[in-house]
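Colleague: File name work.cif; file contents mmCIF, C-alpha atoms; full text below.
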```
data_structure
loop_
_atom_site.label_atom_id
_atom_site.label_comp_id
_atom_site.auth_asym_id
_atom_site.auth_seq_id
_atom_site.Cartn_x
_atom_site.Cartn_y
_atom_site.Cartn_z
CA MET T 787 131.43 130.40 128.13
CA LEU T 788 132.09 133.30 130.49
CA ASP T 789 131.47 135.79 127.68
CA ARG T 790 128.23 134.03 126.80
CA VAL T 791 126.81 134.30 130.33
CA GLY T 792 128.24 137.76 130.94
CA LEU T 793 130.75 136.91 133.66
CA LYS T 794 134.45 137.36 134.30
CA PHE T 795 136.75 134.91 135.99
CA GLU T 796 137.09 137.28 138.94
CA ASP T 797 133.30 137.05 139.47
CA ILE T 798 133.60 133.31 139.99
CA ILE T 799 136.56 133.29 142.39
CA SER T 800 135.08 136.13 144.44
CA CYS T 801 132.75 133.62 146.09
CA VAL T 802 135.71 131.88 147.77
CA GLN T 803 137.56 135.02 148.81
CA GLY T 804 137.68 135.32 152.56
CA ASN T 805 137.73 131.57 153.01
CA ALA T 806 140.03 130.84 155.97
CA CYS T 807 141.27 127.59 154.44
CA VAL T 808 142.49 129.47 151.39
CA GLU T 809 143.97 132.54 153.10
CA GLY T 810 145.39 130.97 156.24
CA GLY T 811 146.57 127.69 154.81
CA LEU T 812 145.23 124.25 155.59
CA ARG T 813 147.12 123.95 158.89
CA LEU T 814 147.57 120.22 158.51
CA PRO T 815 149.11 118.33 161.46
CA ASP T 816 152.48 116.65 161.17
CA GLY T 817 152.51 113.31 159.42
CA LEU T 818 152.17 110.05 161.39
CA THR T 819 153.73 106.67 160.95
CA GLU T 820 151.41 103.84 159.97
CA GLU T 821 151.48 102.46 163.52
CA GLU T 822 150.67 105.87 164.99
CA MET T 823 147.87 106.35 162.48
CA VAL T 824 146.29 103.02 163.44
CA GLN T 825 146.45 103.97 167.13
CA GLU T 826 144.90 107.37 166.38
CA TRP T 827 142.16 105.74 164.36
CA ASP T 828 141.40 103.22 167.10
CA LEU T 829 141.11 106.08 169.60
CA ILE T 830 138.62 107.88 167.37
CA MET T 831 136.61 104.70 166.77
CA SER T 832 136.48 103.95 170.50
CA ARG T 833 134.32 107.03 170.98
CA ASN T 834 131.52 105.49 168.93
CA SER T 835 128.42 104.54 170.88
CA THR T 836 127.53 100.92 171.49
CA PRO T 837 125.99 99.44 168.31
CA LYS T 838 122.21 99.71 168.34
CA LYS T 839 120.30 96.45 168.36
CA ALA T 840 116.97 97.58 166.96
CA SER T 841 115.31 100.64 165.48
CA LEU T 842 112.01 102.33 166.19
CA MET T 843 112.64 104.63 163.22
CA GLY T 844 111.20 103.81 159.82
CA GLY T 845 109.90 106.27 157.27
CA GLY T 846 111.76 104.75 154.32
CA ALA T 847 114.76 102.87 155.79
CA TYR T 848 114.35 99.78 157.92
CA MET T 849 116.56 97.67 160.15
CA HIS T 850 116.29 93.90 159.77
CA PHE T 851 118.52 90.95 160.55
CA VAL T 852 120.83 90.06 157.65
CA PRO T 853 121.86 86.36 157.56
CA ALA T 854 125.64 85.85 157.32
CA VAL T 855 125.26 84.00 154.03
CA VAL T 856 124.03 87.20 152.33
CA PRO T 857 127.19 89.37 152.51
CA HIS T 858 129.32 86.25 152.11
CA LEU T 859 127.82 85.30 148.74
CA ALA T 860 127.01 88.80 147.47
CA GLY T 861 130.56 89.87 148.42
CA GLN T 862 132.23 87.37 146.11
CA PRO T 863 134.86 89.13 143.96
CA GLY T 864 133.06 88.17 140.76
CA PHE T 865 130.05 90.18 141.88
CA VAL T 866 131.79 93.03 143.69
CA THR T 867 134.19 93.87 140.86
CA ALA T 868 131.77 93.34 137.97
CA TYR T 869 130.60 96.36 136.02
CA THR T 870 127.93 96.38 133.32
CA PRO T 871 127.80 92.90 131.72
CA TYR T 872 128.20 94.12 128.14
CA GLN T 873 129.93 90.88 127.14
CA PRO T 874 127.53 88.08 128.10
CA GLU T 875 130.07 85.34 127.35
CA LEU T 876 132.17 86.68 130.22
CA SER T 877 129.31 87.65 132.57
CA GLN T 878 127.02 84.64 132.88
CA GLY T 879 127.24 84.58 136.68
CA THR T 880 126.22 88.22 137.09
CA LEU T 881 123.53 87.97 134.41
CA GLN T 882 122.00 84.83 135.88
CA SER T 883 121.96 86.38 139.36
CA LEU T 884 120.16 89.47 138.04
CA PHE T 885 117.72 87.23 136.17
CA GLU T 886 117.00 85.48 139.47
CA TYR T 887 116.43 88.87 141.12
CA GLN T 888 113.95 89.83 138.41
CA SER T 889 112.15 86.50 138.89
CA PHE T 890 111.84 87.12 142.64
CA ILE T 891 110.44 90.63 142.06
CA VAL T 892 107.91 89.41 139.51
CA GLU T 893 106.67 86.80 141.99
CA LEU T 894 106.58 89.18 144.98
CA THR T 895 104.84 92.03 143.14
CA ASP T 896 102.53 89.78 141.10
CA MET T 897 103.56 91.54 137.88
CA GLU T 898 104.74 90.28 134.49
CA LEU T 899 108.06 92.05 134.02
CA SER T 900 110.81 93.45 136.25
CA ASN T 901 113.97 95.34 135.40
CA CYS T 902 117.21 94.55 137.20
CA SER T 903 116.90 97.53 139.54
CA MET T 904 116.82 101.31 139.82
CA TYR T 905 118.71 103.54 142.25
CA ASP T 906 116.08 103.59 145.01
CA GLY T 907 112.34 103.70 145.63
CA ALA T 908 112.12 107.45 145.04
CA SER T 909 113.73 107.34 141.59
CA SER T 910 111.61 104.28 140.73
CA ALA T 911 108.44 106.23 141.54
CA ALA T 912 109.64 109.18 139.48
CA GLU T 913 110.52 106.98 136.50
CA ALA T 914 107.06 105.40 136.75
CA MET T 915 105.49 108.84 136.36
CA LEU T 916 107.56 109.57 133.26
CA MET T 917 106.65 106.17 131.83
CA ALA T 918 102.94 106.77 132.46
CA HIS T 919 103.20 110.12 130.72
CA ARG T 920 104.83 108.49 127.67
CA ILE T 921 101.94 106.04 127.49
CA LYS T 922 98.98 108.29 128.26
CA HIS T 923 100.36 111.74 127.25
CA ALA T 924 98.16 113.66 129.72
CA PRO T 925 100.28 116.44 131.29
CA ARG T 926 98.90 115.78 134.77
CA ILE T 927 99.58 113.19 137.48
CA LEU T 928 97.86 112.59 140.80
CA ALA T 929 99.86 111.43 143.83
CA ALA T 930 98.49 110.68 147.28
CA ASP T 931 99.80 113.20 149.79
CA ASN T 932 100.54 110.34 152.21
CA VAL T 933 103.28 109.04 149.91
CA ASN T 934 106.75 109.34 151.48
CA PRO T 935 107.66 113.07 151.25
CA ALA T 936 111.10 112.28 149.81
CA TYR T 937 109.44 110.27 147.04
CA LEU T 938 107.05 113.10 146.24
CA ALA T 939 109.93 115.58 146.08
CA THR T 940 111.82 113.30 143.69
CA VAL T 941 108.73 112.81 141.52
CA ARG T 942 108.40 116.58 141.19
CA THR T 943 112.08 116.98 140.37
CA TYR T 944 111.83 114.44 137.55
CA SER T 945 108.39 115.45 136.23
CA GLU T 946 108.20 119.23 136.22
CA PRO T 947 110.95 119.79 133.58
CA HIS T 948 108.83 117.61 131.27
CA GLY T 949 105.84 119.89 131.77
CA ILE T 950 104.01 117.35 133.92
CA ALA T 951 101.92 118.83 136.73
CA ILE T 952 101.92 116.87 140.00
CA GLU T 953 98.76 117.29 142.08
CA THR T 954 98.32 115.67 145.49
CA VAL T 955 95.24 113.83 146.72
CA PRO T 956 94.39 114.64 150.36
CA THR T 957 94.23 112.13 153.19
CA ASP T 958 90.95 111.49 155.01
CA GLU T 959 90.45 111.18 158.77
CA SER T 960 91.46 107.51 158.67
CA GLY T 961 94.88 108.37 157.25
CA GLN T 962 94.03 106.80 153.88
CA VAL T 963 93.63 108.39 150.46
CA SER T 964 90.32 110.24 150.23
CA ARG T 965 88.37 108.43 147.53
CA ALA T 966 85.92 111.31 147.15
CA GLU T 967 88.76 113.75 146.49
CA LEU T 968 90.47 111.30 144.13
CA GLU T 969 87.24 110.95 142.17
CA ARG T 970 86.86 114.72 141.99
CA LEU T 971 90.43 115.30 140.82
CA LEU T 972 90.23 112.52 138.24
CA SER T 973 87.05 114.01 136.84
CA ALA T 974 88.51 117.51 136.59
CA ALA T 975 90.91 116.85 133.68
CA PRO T 976 92.74 113.99 131.90
CA CYS T 977 95.39 112.33 134.03
CA SER T 978 98.25 109.99 133.10
CA ALA T 979 98.63 108.17 136.39
CA VAL T 980 97.62 107.85 140.03
CA LEU T 981 100.43 107.13 142.52
CA VAL T 982 99.48 105.47 145.82
CA GLN T 983 101.75 104.09 148.55
CA SER T 984 100.70 101.12 150.68
CA PRO T 985 101.48 100.89 153.51
CA ASN T 986 101.52 104.66 153.21
CA TYR T 987 103.89 107.03 155.00
CA PHE T 988 101.79 106.69 158.17
CA GLY T 989 101.99 102.88 158.02
CA ILE T 990 98.33 102.48 157.03
CA ILE T 991 97.36 99.87 154.44
CA GLU T 992 95.41 101.31 151.51
CA ASP T 993 92.56 99.60 149.64
CA LEU T 994 94.56 99.33 146.43
CA THR T 995 91.84 97.51 144.49
CA ALA T 996 89.27 100.26 145.07
CA LEU T 997 91.75 103.01 144.20
CA GLY T 998 92.92 101.14 141.10
CA ASN T 999 89.35 100.79 139.88
CA LEU T 1000 88.87 104.55 140.26
CA ALA T 1001 92.05 105.29 138.28
CA HIS T 1002 91.11 102.92 135.45
CA ALA T 1003 87.57 104.29 135.26
CA HIS T 1004 89.14 107.62 134.24
CA ASP T 1005 91.66 106.06 131.83
CA ALA T 1006 94.68 106.66 134.10
CA LEU T 1007 97.42 104.17 134.90
CA PHE T 1008 97.53 102.93 138.50
CA VAL T 1009 100.98 102.96 140.12
CA GLU T 1010 101.45 101.15 143.44
CA CYS T 1011 104.39 102.09 145.65
CA PHE T 1012 105.98 100.70 148.82
CA THR T 1013 108.92 101.75 150.99
CA GLU T 1014 109.10 98.64 153.20
CA ALA T 1015 109.76 95.62 150.97
CA MET T 1016 108.94 93.30 153.90
CA ALA T 1017 105.27 94.17 153.20
CA LEU T 1018 105.55 92.12 150.00
CA GLY T 1019 105.55 89.02 152.19
CA LEU T 1020 102.10 89.76 153.59
CA LEU T 1021 100.13 92.24 151.48
CA LYS T 1022 98.65 92.01 148.00
CA TYR T 1023 100.01 94.04 145.08
CA GLY T 1024 100.14 93.88 141.30
CA LEU T 1025 97.69 92.21 138.96
CA GLY T 1026 95.44 91.17 141.82
CA THR T 1027 94.86 94.80 142.80
CA GLY T 1028 94.75 96.33 139.32
CA ALA T 1029 98.26 97.77 139.20
CA ASP T 1030 99.86 98.83 135.93
CA ILE T 1031 103.21 99.56 137.58
CA VAL T 1032 104.60 98.54 140.98
CA VAL T 1033 107.60 100.45 142.36
CA GLY T 1034 109.35 100.58 145.68
CA ASP T 1035 112.52 100.19 147.69
CA ALA T 1036 114.16 96.86 148.50
CA GLN T 1037 116.57 98.14 151.16
CA SER T 1038 114.94 95.74 153.63
CA LEU T 1039 116.09 92.75 151.59
CA GLY T 1040 119.54 92.16 153.03
CA LEU T 1041 120.86 95.73 152.72
CA PRO T 1042 122.03 97.32 155.99
CA MET T 1043 121.08 100.78 157.20
CA SER T 1044 124.23 102.83 156.73
CA PHE T 1045 123.92 106.62 156.84
CA GLY T 1046 120.94 106.54 154.48
CA GLY T 1047 122.10 103.88 152.03
CA PRO T 1048 122.67 101.91 149.97
CA HIS T 1049 119.19 101.44 148.54
CA LEU T 1050 117.65 99.44 145.72
CA GLY T 1051 114.83 100.55 143.45
CA VAL T 1052 112.19 97.99 142.44
CA PHE T 1053 110.35 98.50 139.16
CA ALA T 1054 107.81 96.00 137.79
CA THR T 1055 105.10 96.38 135.17
CA LEU T 1056 103.00 94.62 132.54
CA ARG T 1057 104.54 92.95 129.52
CA LYS T 1058 102.60 95.18 127.11
CA PHE T 1059 104.57 98.18 128.39
CA ASN T 1060 107.99 96.64 127.81
CA ARG T 1061 109.00 99.23 125.18
CA GLU T 1062 108.40 102.06 127.67
CA PHE T 1063 110.24 100.36 130.52
CA PRO T 1064 113.21 102.23 132.12
CA GLY T 1065 116.39 100.47 133.16
CA ARG T 1066 117.81 97.13 132.13
CA ILE T 1067 116.29 93.73 131.63
CA VAL T 1068 118.18 90.45 131.66
CA GLY T 1069 116.68 87.74 129.48
CA GLU T 1070 117.16 83.98 129.32
CA SER T 1071 118.04 82.52 125.93
CA VAL T 1072 120.25 79.84 124.34
CA ASP T 1073 123.61 80.13 122.62
CA THR T 1074 124.53 78.83 119.15
CA GLU T 1075 124.97 75.35 120.59
CA GLY T 1076 121.60 75.31 122.33
CA ARG T 1077 122.96 75.83 125.85
CA GLN T 1078 121.16 77.99 128.40
CA ALA T 1079 122.48 81.56 128.31
CA TYR T 1080 121.63 84.95 129.80
CA VAL T 1081 121.86 88.33 128.04
CA MET T 1082 120.89 91.95 128.55
CA THR T 1083 117.93 92.70 126.32
CA LEU T 1084 115.94 95.76 125.20
CA ARG T 1085 118.96 97.91 125.92
CA ALA T 1086 117.88 100.60 123.49
CA ARG T 1087 115.94 102.01 126.41
CA GLU T 1088 119.18 103.10 128.09
CA GLN T 1089 121.71 105.80 127.52
CA ASP T 1090 124.39 103.48 126.15
CA ILE T 1091 122.59 102.83 122.82
CA ARG T 1092 120.39 105.13 120.68
CA ARG T 1093 120.41 107.84 123.29
CA GLU T 1094 117.91 110.02 121.44
CA LYS T 1095 115.33 107.22 121.82
CA ALA T 1096 116.15 106.25 125.38
CA THR T 1097 113.19 106.03 127.74
CA SER T 1098 115.25 106.95 130.79
CA ASN T 1099 118.34 108.83 131.89
CA ILE T 1100 119.38 105.95 134.13
CA CYS T 1101 122.62 104.63 132.68
CA SER T 1102 123.61 102.34 135.53
CA ASN T 1103 121.80 100.50 138.28
CA HIS T 1104 122.34 98.99 141.71
CA ALA T 1105 123.26 95.57 140.37
CA LEU T 1106 125.26 94.45 143.41
CA ASN T 1107 122.38 95.43 145.70
CA ALA T 1108 119.97 93.54 143.45
CA ILE T 1109 122.14 90.44 143.72
CA THR T 1110 122.24 90.95 147.50
CA ALA T 1111 118.44 91.08 147.59
CA ALA T 1112 118.24 87.89 145.52
CA VAL T 1113 120.60 86.09 147.91
CA TYR T 1114 118.57 87.33 150.88
CA LEU T 1115 115.26 86.14 149.43
CA ALA T 1116 116.75 82.78 148.49
CA SER T 1117 118.18 82.38 152.00
CA VAL T 1118 114.99 83.15 153.94
CA GLY T 1119 112.68 81.36 151.51
CA GLN T 1120 109.00 81.95 150.82
CA ASP T 1121 107.71 80.77 154.19
CA GLY T 1122 110.50 82.53 156.07
CA PHE T 1123 109.84 85.81 154.30
CA ARG T 1124 106.14 85.65 155.14
CA SER T 1125 106.96 84.79 158.76
CA LEU T 1126 109.27 87.81 159.05
CA ALA T 1127 106.54 90.07 157.68
CA CYS T 1128 104.03 88.67 160.16
CA GLU T 1129 106.48 89.05 163.05
CA SER T 1130 107.18 92.70 162.17
CA ALA T 1131 103.44 93.43 162.09
CA ALA T 1132 102.88 91.64 165.40
CA LYS T 1133 105.77 93.45 167.11
CA LEU T 1134 104.27 96.81 166.22
CA GLN T 1135 100.88 95.84 167.64
CA LYS T 1136 102.48 94.71 170.90
CA LEU T 1137 104.58 97.88 171.12
CA VAL T 1138 101.60 100.15 170.47
CA ARG T 1139 99.48 98.42 173.11
CA GLY T 1140 102.28 98.84 175.64
CA LEU T 1141 102.82 102.51 174.82
CA GLU T 1142 99.09 103.24 174.99
CA ALA T 1143 98.99 101.64 178.44
CA THR T 1144 101.48 104.24 179.70
CA GLY T 1145 98.91 106.98 179.11
CA ARG T 1146 101.51 109.02 177.26
CA PHE T 1147 100.75 107.82 173.71
CA SER T 1148 97.65 107.60 171.55
CA PRO T 1149 97.10 106.57 167.88
CA VAL T 1150 96.43 109.54 165.62
CA PHE T 1151 94.58 107.57 162.93
CA LYS T 1152 92.11 105.00 164.17
CA GLY T 1153 90.35 102.23 162.31
CA GLY T 1154 92.78 101.63 159.44
CA ALA T 1155 94.90 98.49 159.37
CA VAL T 1156 98.64 99.11 159.69
CA PHE T 1157 101.74 97.09 158.89
CA ASN T 1158 104.95 97.77 160.85
CA GLU T 1159 104.67 101.56 161.27
CA MET T 1160 102.13 103.75 163.00
CA VAL T 1161 101.69 107.42 163.94
CA LEU T 1162 101.36 108.00 167.69
CA ALA T 1163 100.66 111.31 169.40
CA SER T 1164 102.47 111.81 172.69
CA SER T 1165 102.72 114.17 175.62
CA LEU T 1166 106.49 113.59 175.62
CA ALA T 1167 108.57 116.19 173.76
CA PRO T 1168 111.25 114.84 171.40
CA ASP T 1169 114.16 115.81 173.65
CA GLU T 1170 112.61 114.08 176.65
CA LEU T 1171 111.74 110.98 174.62
CA ARG T 1172 115.31 110.68 173.33
CA ALA T 1173 116.68 111.19 176.85
CA ARG T 1174 114.45 108.45 178.24
CA LEU T 1175 115.59 106.03 175.51
CA ALA T 1176 119.28 106.92 175.80
CA ALA T 1177 120.04 103.89 177.96
CA VAL T 1178 117.97 101.52 175.83
CA PRO T 1179 119.77 99.96 172.81
CA VAL T 1180 117.31 101.26 170.22
CA ILE T 1181 117.17 104.10 167.71
CA PRO T 1182 114.31 106.45 168.73
CA PRO T 1183 111.26 106.86 166.48
CA LEU T 1184 110.95 109.48 163.76
CA VAL T 1185 109.63 112.87 164.89
CA LEU T 1186 106.93 114.15 162.52
CA PRO T 1187 106.81 117.90 161.79
CA SER T 1188 104.04 119.82 163.51
CA GLY T 1189 101.06 120.23 161.23
CA MET T 1190 101.79 117.07 159.24
CA VAL T 1191 99.12 115.08 161.10
CA PRO T 1192 96.13 116.16 163.20
CA GLY T 1193 96.80 116.53 166.89
CA VAL T 1194 95.31 114.58 169.78
CA ALA T 1195 93.98 116.39 172.82
CA GLY T 1196 96.72 116.93 175.38
CA MET T 1197 99.34 115.22 173.19
CA PRO T 1198 101.01 117.82 170.97
CA HIS T 1199 103.91 115.73 169.64
CA SER T 1200 103.68 113.11 166.87
CA TYR T 1201 106.02 110.20 166.17
CA LEU T 1202 106.18 107.62 163.40
CA VAL T 1203 106.92 104.46 165.38
CA CYS T 1204 108.31 101.41 163.59
CA ALA T 1205 108.99 97.83 164.70
CA SER T 1206 110.64 94.79 163.13
CA GLU T 1207 111.62 91.26 164.08
CA LEU T 1208 114.71 92.72 165.82
CA LEU T 1209 112.55 94.22 168.57
CA LYS T 1210 112.63 91.17 170.82
CA ASP T 1211 110.21 90.97 173.75
CA ALA T 1212 112.80 91.83 176.41
CA LEU T 1213 113.91 94.92 174.49
CA LEU T 1214 110.30 95.89 173.80
CA GLU T 1215 109.60 95.84 177.54
CA GLN T 1216 112.64 98.05 178.13
CA VAL T 1217 111.30 100.61 175.67
CA ILE T 1218 107.87 100.65 177.31
CA ALA T 1219 109.36 100.90 180.80
CA ALA T 1220 111.61 103.83 179.77
CA LEU T 1221 108.68 105.75 178.32
CA SER T 1222 106.13 104.98 181.04
#
```
Translate this file's structure into structure tokens.
Modeller:
Amino acid sequence: MLDRVGLKFEDIISCVQGNACVEGGLRLPDGLTEEEMVQEWDLIMSRNSTPKKASLMGGGAYMHFVPAVVPHLAGQPGFVTAYTPYQPELSQGTLQSLFEYQSFIVELTDMELSNCSMYDGASSAAEAMLMAHRIKHAPRILAADNVNPAYLATVRTYSEPHGIAIETVPTDESGQVSRAELERLLSAAPCSAVLVQSPNYFGIIEDLTALGNLAHAHDALFVECFTEAMALGLLKYGLGTGADIVVGDAQSLGLPMSFGGPHLGVFATLRKFNREFPGRIVGESVDTEGRQAYVMTLRAREQDIRREKATSNICSNHALNAITAAVYLASVGQDGFRSLACESAAKLQKLVRGLEATGRFSPVFKGGAVFNEMVLASSLAPDELRARLAAVPVIPPLVLPSGMVPGVAGMPHSYLVCASELLKDALLEQVIAALS
């Protein structure tokens, strides 16, 4: 291999020469007894800050209350230790749980078919673009520029090696997708799909029906995306808004925020596209004696069978997270899930009104309905804002890069402020008081 690429072994190891760890040794401390190690560990852990009770930071990961029943049931050894259920006769519990997850997703997204999870919302969006290209074959895809930036980056990473051009649709003054620009770009050349996020990265709810009609009028598939799964309890998606594919992230459904993960990718579509579907599907059937049974079906789409005909490179999934989401949804119930969505939306409205009253914050986009996130311009610099909130048990809001959103007179700094049911009234008042 070295001869083929024109290198010598010395060329490779030269990059580590001068590394202090290699030349000076690792300088490891003396070993400790188990008791001493536990004491040392406790000392290190004691320096952690007090656990935060709520988060004002959203942008793709959200803090919600997780009922105790969720980790208790999802953490059962039969779920935690299970790998891919290749042998259905030994895996009925896992398969049935994944089937229940799929059923929940189909109901929440108002679609006809769901797989049993992807890695996260970003990879789900990227796989949707590849699927649309397989169906429509046009080497061009339009994505709203107010889609989560991490999702757009992942879409490009997946799509460009396939020769698919990703073009972004600008945002209008309301923070929503510009329909005039979308119409112009759709008319310019054939397009496989239009990707729209709602609520978008700025928390604004898009008119999915109108955008879907535009996409279909130009023979493109319409892909709806979400980052906050709690929105599924309040907003309309799927067949009712003209979606061909619905993708998103289900981290909000019983999965804790933990250094950026773990996440759970949602992928739902129409039954007519089942042969182009990435990931796994669990189906309900009967065994030779007529008893109810669950099996993995349409597995030729994956990398474990007929790899040359696979529709996706995904060869695993987040099955345990999918089961966790199913347990969470079953525990809160339909009415409870809707109530949580309503409470998150109401908390944001109350927080925004309080922050506006301080005179230090102002909405950047006005007129569009929002869910549980909103962009506010502020006269407070990020360092000062974090210092003011240091004594309040919350995670500060996300700082948006300069130039990402239009400025507001006298308020040069922009924040993406998020709220959930964890922001109780007393804590909300503390936040407002600290920033006033």
Colleague: At what distance in Å, to one decimal, does CA of Asp931 (chain T) lie from CA of Thr943 (chain T)?
Modeller: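 Atom-to-atom, CA of Thr943 (chain T) to CA of Asp931 (chain T), that is 15.9 Å.
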Colleague: Please write the residues picked by the PyMOL selection byres ((chain T and resi 900) around 12) on this file as a PyMOL selection string.
Modeller: chain T and resi 884-899+901-904+910+1024+1031-1034+1051-1057+1059-1060+1063-1069+1108
Colleague: Written as number ranges by chain, which residues does the PyMOL selection byres ((chain T and resi 855) around 12) give for the file shown?
Modeller: T: 851-854, 856-862, 1040, 1110-1118
Colleague: With C-alpha atoms kept, could you save the residues just selected as a compact mmCIF listing (two decimals), in the coordinates of the input?
Modeller:
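Output file selection04.txt is given in full below:
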```
# COMPACT_ATOMS: atom_id res chain seq x y z
CA PHE T 851 118.52 90.95 160.55
CA VAL T 852 120.83 90.06 157.65
CA PRO T 853 121.86 86.36 157.56
CA ALA T 854 125.64 85.85 157.32
CA VAL T 856 124.03 87.20 152.33
CA PRO T 857 127.19 89.37 152.51
CA HIS T 858 129.32 86.25 152.11
CA LEU T 859 127.82 85.30 148.74
CA ALA T 860 127.01 88.80 147.47
CA GLY T 861 130.56 89.87 148.42
CA GLN T 862 132.23 87.37 146.11
CA GLY T 1040 119.54 92.16 153.03
CA THR T 1110 122.24 90.95 147.50
CA ALA T 1111 118.44 91.08 147.59
CA ALA T 1112 118.24 87.89 145.52
CA VAL T 1113 120.60 86.09 147.91
CA TYR T 1114 118.57 87.33 150.88
CA LEU T 1115 115.26 86.14 149.43
CA ALA T 1116 116.75 82.78 148.49
CA SER T 1117 118.18 82.38 152.00
CA VAL T 1118 114.99 83.15 153.94
```
Colleague: For this file, the PyMOL selection byres ((chain T and resi 868-873) around 9) selects which residues, as a list in words?
Modeller: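 Selected by the PyMOL selection byres ((chain T and resi 868-873) around 9) in this file: Pro863, Gly864, Phe865, Val866, Thr867, Pro874, Glu875, Leu876, Ser877, Gln878, Thr880, Leu881, Val1081, Met1082, Ser1102, Asn1103, Ala1105 and Leu1106 of chain T.
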Colleague: In Å, how far is it from CA of Ser841 (chain T) to CA of Val1180 (chain T)?
Modeller: 5.2 Å
Colleague: Quick one: pull the distance between CA of Glu826 (chain T) and CA of Val1178 (chain T), Å, one decimal.
Modeller: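 Interatomic distance here is 29.1 Å.
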Colleague: Find the residue from T:Thr1027, T:Arg1061, T:Leu793, T:Gly1019 that sits nearest to Ser1098 (chain T); use all atoms listed in the file when measuring.
Modeller: T:Arg1061
Colleague: Name the residues in contact with region 1193-1209 of chain T at a cut-off of 7 Å, using only C-alpha atoms, excluding same-chain residues fewer than 3 positions from it; report them as number ranges by chain.
Modeller: T: 840-844, 850-851, 988, 1126, 1129-1130, 1133-1134, 1150, 1158-1167, 1183-1186, 1213-1214
Colleague: Quick one: of T:Ser835, T:Ser1148, T:Asn999, T:Thr819, who's nearest to Ile1181 (chain T), counting all atoms listed in the file?
Modeller: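 The answer is T:Ser835, which sits nearest to Ile1181 (chain T).
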Colleague: With distances taken over all atoms listed in the file, which of T:Ala1220, T:Met831, T:Met787, T:Cys977 is nearest to His923 (chain T)?
Modeller: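 That would be T:Cys977, the residue with the smallest distance to His923 (chain T).
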Colleague: Please determine an axis-aligned box that encloses all atoms of region 989-996 of chain T listed in the file, with 6 Å added on each side, and express its centre and edge lengths in Å to one decimal as JSON.
Modeller:
```
{"center_x": 95.6, "center_y": 100.2, "center_z": 151.3, "size_x": 24.7, "size_y": 17.4, "size_z": 25.5}
```
